>>> print(open('coords39.cif').read())   # mmCIF, C-alpha atoms
data_protein
loop_
_atom_site.label_atom_id
_atom_site.label_comp_id
_atom_site.auth_asym_id
_atom_site.auth_seq_id
_atom_site.Cartn_x
_atom_site.Cartn_y
_atom_site.Cartn_z
CA VAL Q 167 81.10 113.21 135.55
CA LEU Q 168 83.81 115.65 136.60
CA ILE Q 169 83.90 117.23 133.15
CA GLU Q 170 80.12 117.56 133.12
CA MET Q 171 80.16 119.12 136.59
CA ALA Q 172 82.89 121.58 135.63
CA ALA Q 173 81.39 122.53 132.27
CA PRO Q 174 77.74 121.49 132.01
CA GLY Q 175 76.69 120.62 128.47
CA LEU Q 176 80.24 120.53 127.10
CA ILE Q 177 80.21 116.79 126.40
CA ASP Q 178 76.74 117.02 124.88
CA ARG Q 179 77.85 119.77 122.49
CA TYR Q 180 81.11 118.06 121.50
CA HIS Q 181 80.21 114.41 122.07
CA VAL Q 182 81.81 113.12 118.86
CA GLY Q 183 85.18 114.70 119.65
CA PHE Q 184 84.92 113.75 123.31
CA PHE Q 185 84.26 110.08 122.56
CA LEU Q 186 86.95 109.99 119.87
CA VAL Q 187 89.52 111.31 122.34
CA LEU Q 188 88.21 108.91 125.00
CA GLY Q 189 88.56 106.02 122.54
CA LEU Q 190 92.07 107.00 121.49
CA VAL Q 191 93.19 107.41 125.12
CA THR Q 192 91.66 104.03 125.98
CA PHE Q 193 93.36 102.47 122.94
CA ALA Q 194 96.71 103.97 124.06
CA LEU Q 195 96.17 102.57 127.56
CA ALA Q 196 95.35 99.16 126.06
CA MET Q 197 98.51 99.31 123.99
CA SER Q 198 100.54 100.16 127.10
CA PHE Q 199 99.36 96.89 128.65
CA ASP Q 200 99.96 94.99 125.39
CA ILE Q 201 103.50 96.37 125.18
CA LYS Q 202 104.23 95.04 128.69
CA ASP Q 203 103.17 91.56 127.60
CA PRO Q 204 103.83 90.92 123.89
CA ALA Q 205 103.67 87.16 124.50
CA ARG Q 206 100.16 87.64 125.96
CA VAL Q 207 100.61 85.38 128.94
CA THR Q 208 100.04 87.67 131.92
CA LEU Q 209 97.14 89.62 133.37
CA ASN Q 210 98.32 92.64 131.37
CA SER Q 211 97.07 90.94 128.22
CA ASP Q 212 93.63 90.45 129.76
CA LYS Q 213 93.49 94.10 130.77
CA ALA Q 214 94.51 95.12 127.25
CA PHE Q 215 91.82 92.90 125.71
CA TRP Q 216 89.01 94.57 127.66
CA LEU Q 217 90.41 98.04 127.05
CA HIS Q 218 90.62 97.35 123.29
CA LEU Q 219 87.04 96.13 123.44
CA MET Q 220 86.01 99.38 125.13
CA ALA Q 221 88.07 101.66 122.87
CA ALA Q 222 86.97 100.19 119.54
CA PRO Q 223 83.33 101.38 119.44
CA PHE Q 224 84.30 104.84 120.68
CA ILE Q 225 86.88 105.19 117.90
CA VAL Q 226 84.86 103.63 115.09
CA HIS Q 227 81.54 105.33 115.82
CA SER Q 228 83.16 108.73 116.38
CA ILE Q 229 85.18 108.65 113.16
CA LEU Q 230 82.17 107.51 111.17
CA ALA Q 231 80.02 110.22 112.75
CA LEU Q 232 82.59 112.76 111.56
CA VAL Q 233 82.62 111.24 108.06
CA SER Q 234 78.82 111.27 108.03
CA SER Q 235 78.72 114.95 108.95
CA TYR Q 236 80.86 115.78 105.91
CA SER Q 237 79.57 113.39 103.26
CA GLY Q 238 76.07 112.60 104.48
CA GLN Q 239 75.11 109.13 105.55
CA GLY Q 240 73.50 107.05 102.85
CA SER Q 241 75.62 108.30 99.98
CA VAL Q 242 78.12 106.63 97.70
CA GLY Q 243 80.88 108.82 99.15
CA TYR Q 244 80.01 107.80 102.69
CA SER Q 245 79.93 104.12 101.72
CA VAL Q 246 83.33 104.35 100.04
CA ALA Q 247 84.71 106.19 103.08
CA VAL Q 248 83.37 103.44 105.37
CA ILE Q 249 85.07 100.75 103.29
CA ALA Q 250 88.33 102.74 103.23
CA LEU Q 251 88.17 103.27 106.99
CA PHE Q 252 87.48 99.58 107.47
CA MET Q 253 90.61 98.72 105.48
CA ILE Q 254 92.68 101.13 107.60
CA LEU Q 255 91.22 99.62 110.79
CA ALA Q 256 92.01 96.14 109.44
CA ILE Q 257 95.65 97.11 109.03
CA VAL Q 258 95.78 98.54 112.56
CA ALA Q 259 94.03 95.44 113.92
CA LEU Q 260 96.51 93.16 112.16
CA VAL Q 261 99.52 95.14 113.39
CA VAL Q 262 98.44 95.12 117.04
CA ASP Q 263 96.92 91.63 116.69
CA ARG Q 264 93.54 92.64 118.15
CA ARG Q 265 90.25 92.17 116.33
CA ALA Q 266 88.03 94.55 118.34
CA LEU Q 267 88.30 97.39 115.82
CA LEU Q 268 87.08 95.11 113.05
CA VAL Q 269 84.15 93.83 115.08
CA SER Q 270 83.05 97.40 115.86
CA ALA Q 271 83.19 98.39 112.21
CA MET Q 272 81.61 95.23 110.76
CA SER Q 273 77.99 96.46 110.74
CA TYR Q 274 79.05 99.72 109.06
CA LEU Q 275 80.89 97.69 106.42
CA GLY Q 276 77.78 95.59 105.82
CA PHE Q 277 75.59 98.66 105.38
CA ALA Q 278 78.15 100.30 103.07
CA ILE Q 279 78.39 97.22 100.88
CA GLY Q 280 74.62 96.88 100.82
CA TYR Q 281 74.16 100.52 99.87
CA LEU Q 282 76.62 100.27 97.01
CA ILE Q 283 74.95 97.11 95.71
CA LEU Q 284 71.53 98.79 95.86
CA GLU Q 285 72.97 101.71 93.90
CA ALA Q 286 73.65 99.23 91.09
CA ASN Q 287 69.86 98.76 90.72
CA VAL Q 288 69.77 95.30 92.28
CA SER Q 289 66.64 94.12 94.07
CA GLU Q 290 66.62 94.51 97.83
CA GLU Q 291 66.51 90.74 98.36
CA ALA Q 292 69.47 90.15 96.06
CA ALA Q 293 71.38 93.06 97.63
CA PHE Q 294 70.78 91.63 101.10
CA ALA Q 295 71.92 88.16 100.02
CA VAL Q 296 75.01 89.43 98.21
CA THR Q 297 75.90 91.70 101.13
CA LEU Q 298 75.72 88.81 103.59
CA LEU Q 299 77.69 86.61 101.21
CA LEU Q 300 80.45 89.22 100.78
CA LEU Q 301 80.55 90.06 104.49
CA GLY Q 302 80.59 86.39 105.49
CA GLY Q 303 83.29 85.64 102.94
CA PHE Q 304 85.40 88.51 104.19
CA ILE Q 305 85.00 87.36 107.80
CA LEU Q 306 86.03 83.82 106.85
CA LEU Q 307 88.95 85.09 104.78
CA ILE Q 308 90.38 87.39 107.40
CA GLY Q 309 89.61 84.98 110.24
CA SER Q 310 91.24 81.96 108.66
CA GLY Q 311 94.09 83.95 107.15
CA TRP Q 312 94.78 86.22 110.13
CA SER Q 313 98.27 84.85 110.86
CA LEU Q 314 99.26 84.78 107.20
CA LEU Q 315 97.97 88.32 106.59
CA ARG Q 316 99.70 89.59 109.72
CA ARG Q 317 102.98 87.94 108.78
CA ALA Q 318 102.81 89.42 105.25
CA LEU Q 319 101.97 92.88 106.56
CA LEU Q 320 104.81 92.94 109.09
CA ALA Q 321 107.46 91.16 106.96
CA PRO Q 322 108.85 94.39 105.44
CA PHE Q 323 109.48 95.67 108.97
CA SER Q 324 111.33 92.63 110.32
CA GLY Q 325 114.25 93.58 112.48
CA GLN Q 326 112.75 96.96 113.39
CA PRO Q 327 113.03 97.72 117.12
CA LEU Q 328 109.33 98.59 117.49
CA LEU Q 329 108.28 95.05 116.51
CA ARG Q 330 109.61 93.69 119.79
CA TYR Q 331 106.64 95.38 121.48
CA LEU Q 332 104.12 93.50 119.33
CA PRO Q 333 103.15 89.86 119.53
CA ALA Q 334 105.33 87.63 117.40
CA THR Q 335 103.98 86.56 114.03
CA THR Q 336 103.26 82.85 113.86
#
>>> encode(input="coords39.cif", output="structure tokens")
Amino acid sequence: VLIEMAAPGLIDRYHVGFFLVLGLVTFALAMSFDIKDPARVTLNSDKAFWLHLMAAPFIVHSILALVSSYSGQGSVGYSVAVIALFMILAIVALVVDRRALLVSAMSYLGFAIGYLILEANVSEEAAFAVTLLLLGGFILLIGSGWSLLRRALLAPFSGQPLLRYLPATT
């Protein structure tokens, strides 16, 4: 409100950048609470959870709006960029042990997979079924293997001082 009062229309003109910065600042604030409670047993962890939940859609939607402005939504390039971004977000989510980024990007991933399948001249019904099957399989895989994936991702960094600020791998 203060920004809009000081510079009317500024947020409207630069909404993608504004919400990206807002998301990154909120993510940093969430991480500051997570760092205070790596064991996730105090109120700081609850605060971090809600802040991660707020930050994720701002970050994901803003980045994908930027990608869309360069590659055009509904293209093979955009779909590949969405899948690549999802993989990057998955790594970040695993490192910080928070799933909010993945949840925010899940629908984009589904649409990207579906688009790529349709580009292979598959019927819409088959594309829909295969997309749901792949998305569901991925959700089951990452959900059931979260701890294992996280442990494997962080293993090369064991003993590094920064890991003491993250939840322990189980």
>>> closest_residue(input="coords39.cif", among="Q:Val258, Q:Ala293, Q:Val288, Q:Phe184", to="Glu170 of chain Q", atoms="all atoms listed in the file")
Q:Phe184
>>> resolve_selection(input="coords39.cif", expression="the PyMOL selection byres ((chain Q and resi 245) around 9)", output="ChimeraX atom specification")
/Q:239-244,246-250,274-275,277-279,281-282
>>> resolve_selection(input="coords39.cif", expression="the PyMOL selection byres ((chain Q and resi 207-214) around 12)", output="list in words")
Thr192, Phe193, Ala194, Leu195, Ala196, Met197, Ser198, Phe199, Asp200, Ile201, Lys202, Asp203, Pro204, Ala205, Arg206, Phe215, Trp216, Leu217, His218, Leu219, Met220, Ala221, Ala222, Val262, Asp263, Arg264, Ala266, Leu332 and Pro333 of chain Q
>>> write_last_selection(input="coords39.cif", atoms="C-alpha atoms", output="short mmCIF file (atom, residue, chain, number, x, y, z; two decimals), in the coordinates of the input")
data_model
loop_
_atom_site.label_atom_id
_atom_site.label_comp_id
_atom_site.auth_asym_id
_atom_site.auth_seq_id
_atom_site.Cartn_x
_atom_site.Cartn_y
_atom_site.Cartn_z
CA THR Q 192 91.66 104.03 125.98
CA PHE Q 193 93.36 102.47 122.94
CA ALA Q 194 96.71 103.97 124.06
CA LEU Q 195 96.17 102.57 127.56
CA ALA Q 196 95.35 99.16 126.06
CA MET Q 197 98.51 99.31 123.99
CA SER Q 198 100.54 100.16 127.10
CA PHE Q 199 99.36 96.89 128.65
CA ASP Q 200 99.96 94.99 125.39
CA ILE Q 201 103.50 96.37 125.18
CA LYS Q 202 104.23 95.04 128.69
CA ASP Q 203 103.17 91.56 127.60
CA PRO Q 204 103.83 90.92 123.89
CA ALA Q 205 103.67 87.16 124.50
CA ARG Q 206 100.16 87.64 125.96
CA PHE Q 215 91.82 92.90 125.71
CA TRP Q 216 89.01 94.57 127.66
CA LEU Q 217 90.41 98.04 127.05
CA HIS Q 218 90.62 97.35 123.29
CA LEU Q 219 87.04 96.13 123.44
CA MET Q 220 86.01 99.38 125.13
CA ALA Q 221 88.07 101.66 122.87
CA ALA Q 222 86.97 100.19 119.54
CA VAL Q 262 98.44 95.12 117.04
CA ASP Q 263 96.92 91.63 116.69
CA ARG Q 264 93.54 92.64 118.15
CA ALA Q 266 88.03 94.55 118.34
CA LEU Q 332 104.12 93.50 119.33
CA PRO Q 333 103.15 89.86 119.53
#
>>> closest_residue(input="coords39.cif", among="Q:Leu298, Q:Ile254, Q:Val182, Q:Leu176", to="Ser273 of chain Q", atoms="only C-alpha atoms")
Q:Leu298
>>> atom_distance(input="coords39.cif", atom1="atom CA of Ala256 of chain Q", atom2="atom CA of Val269 of chain Q")
9.9 Å
>>> atom_distance(input="coords39.cif", atom1="atom CA of Leu260 of chain Q", atom2="atom CA of Val226 of chain Q")
15.9 Å
>>> atom_distance(input="coords39.cif", atom1="atom CA of Pro223 of chain Q", atom2="atom CA of Met171 of chain Q")
24.9 Å
>>> closest_residue(input="coords39.cif", among="Q:Leu301, Q:Arg265, Q:Arg330, Q:Thr336", to="Arg317 of chain Q", atoms="all atoms listed in the file")
Q:Thr336
>>> build_atoms(input="coords39.cif", residues="segment 287-308 of chain Q", atoms="N, CA, C and O atoms", output="compact mmCIF listing (two decimals), keeping the file's coordinate frame")
# COMPACT_ATOMS: atom_id res chain seq x y z
N ASN Q 287 71.21 99.15 91.14
CA ASN Q 287 69.86 98.76 90.72
C ASN Q 287 69.61 97.26 90.85
O ASN Q 287 69.06 96.63 89.95
N VAL Q 288 70.03 96.70 91.98
CA VAL Q 288 69.77 95.30 92.28
C VAL Q 288 68.58 95.26 93.23
O VAL Q 288 68.40 96.17 94.03
N SER Q 289 67.79 94.22 93.16
CA SER Q 289 66.64 94.12 94.07
C SER Q 289 67.12 94.08 95.52
O SER Q 289 68.25 93.67 95.80
N GLU Q 290 66.25 94.49 96.42
CA GLU Q 290 66.62 94.51 97.83
C GLU Q 290 66.98 93.12 98.35
O GLU Q 290 67.91 92.97 99.14
N GLU Q 291 66.23 92.11 97.91
CA GLU Q 291 66.51 90.74 98.36
C GLU Q 291 67.88 90.28 97.87
O GLU Q 291 68.65 89.69 98.62
N ALA Q 292 68.17 90.55 96.61
CA ALA Q 292 69.47 90.15 96.06
C ALA Q 292 70.59 90.94 96.73
O ALA Q 292 71.65 90.38 97.04
N ALA Q 293 70.37 92.23 96.97
CA ALA Q 293 71.38 93.06 97.63
C ALA Q 293 71.66 92.54 99.03
O ALA Q 293 72.82 92.46 99.45
N PHE Q 294 70.62 92.17 99.75
CA PHE Q 294 70.78 91.63 101.10
C PHE Q 294 71.58 90.33 101.05
O PHE Q 294 72.53 90.15 101.83
N ALA Q 295 71.23 89.45 100.13
CA ALA Q 295 71.92 88.16 100.02
C ALA Q 295 73.39 88.35 99.63
O ALA Q 295 74.29 87.73 100.22
N VAL Q 296 73.63 89.20 98.65
CA VAL Q 296 75.01 89.43 98.21
C VAL Q 296 75.83 90.11 99.31
O VAL Q 296 76.99 89.77 99.53
N THR Q 297 75.21 91.04 100.02
CA THR Q 297 75.90 91.70 101.13
C THR Q 297 76.32 90.69 102.19
O THR Q 297 77.47 90.68 102.64
N LEU Q 298 75.38 89.83 102.59
CA LEU Q 298 75.72 88.81 103.59
C LEU Q 298 76.78 87.84 103.08
O LEU Q 298 77.68 87.45 103.83
N LEU Q 299 76.70 87.50 101.80
CA LEU Q 299 77.69 86.61 101.21
C LEU Q 299 79.08 87.25 101.22
O LEU Q 299 80.08 86.62 101.62
N LEU Q 300 79.16 88.51 100.79
CA LEU Q 300 80.45 89.22 100.78
C LEU Q 300 80.99 89.42 102.19
O LEU Q 300 82.18 89.20 102.45
N LEU Q 301 80.12 89.83 103.12
CA LEU Q 301 80.55 90.06 104.49
C LEU Q 301 81.00 88.75 105.14
O LEU Q 301 82.05 88.70 105.79
N GLY Q 302 80.22 87.70 104.94
CA GLY Q 302 80.59 86.39 105.49
C GLY Q 302 81.89 85.88 104.89
O GLY Q 302 82.75 85.34 105.60
N GLY Q 303 82.04 86.06 103.59
CA GLY Q 303 83.29 85.64 102.94
C GLY Q 303 84.49 86.40 103.47
O GLY Q 303 85.55 85.82 103.70
N PHE Q 304 84.30 87.71 103.66
CA PHE Q 304 85.40 88.51 104.19
C PHE Q 304 85.75 88.06 105.61
O PHE Q 304 86.93 87.95 105.94
N ILE Q 305 84.75 87.80 106.43
CA ILE Q 305 85.00 87.36 107.80
C ILE Q 305 85.76 86.04 107.80
O ILE Q 305 86.72 85.85 108.55
N LEU Q 306 85.33 85.11 106.95
CA LEU Q 306 86.03 83.82 106.85
C LEU Q 306 87.46 84.00 106.35
O LEU Q 306 88.39 83.38 106.86
N LEU Q 307 87.63 84.86 105.35
CA LEU Q 307 88.95 85.09 104.78
C LEU Q 307 89.90 85.68 105.81
O LEU Q 307 91.00 85.17 106.02
N ILE Q 308 89.47 86.74 106.46
CA ILE Q 308 90.38 87.39 107.40
C ILE Q 308 90.55 86.55 108.67
O ILE Q 308 91.62 86.52 109.26
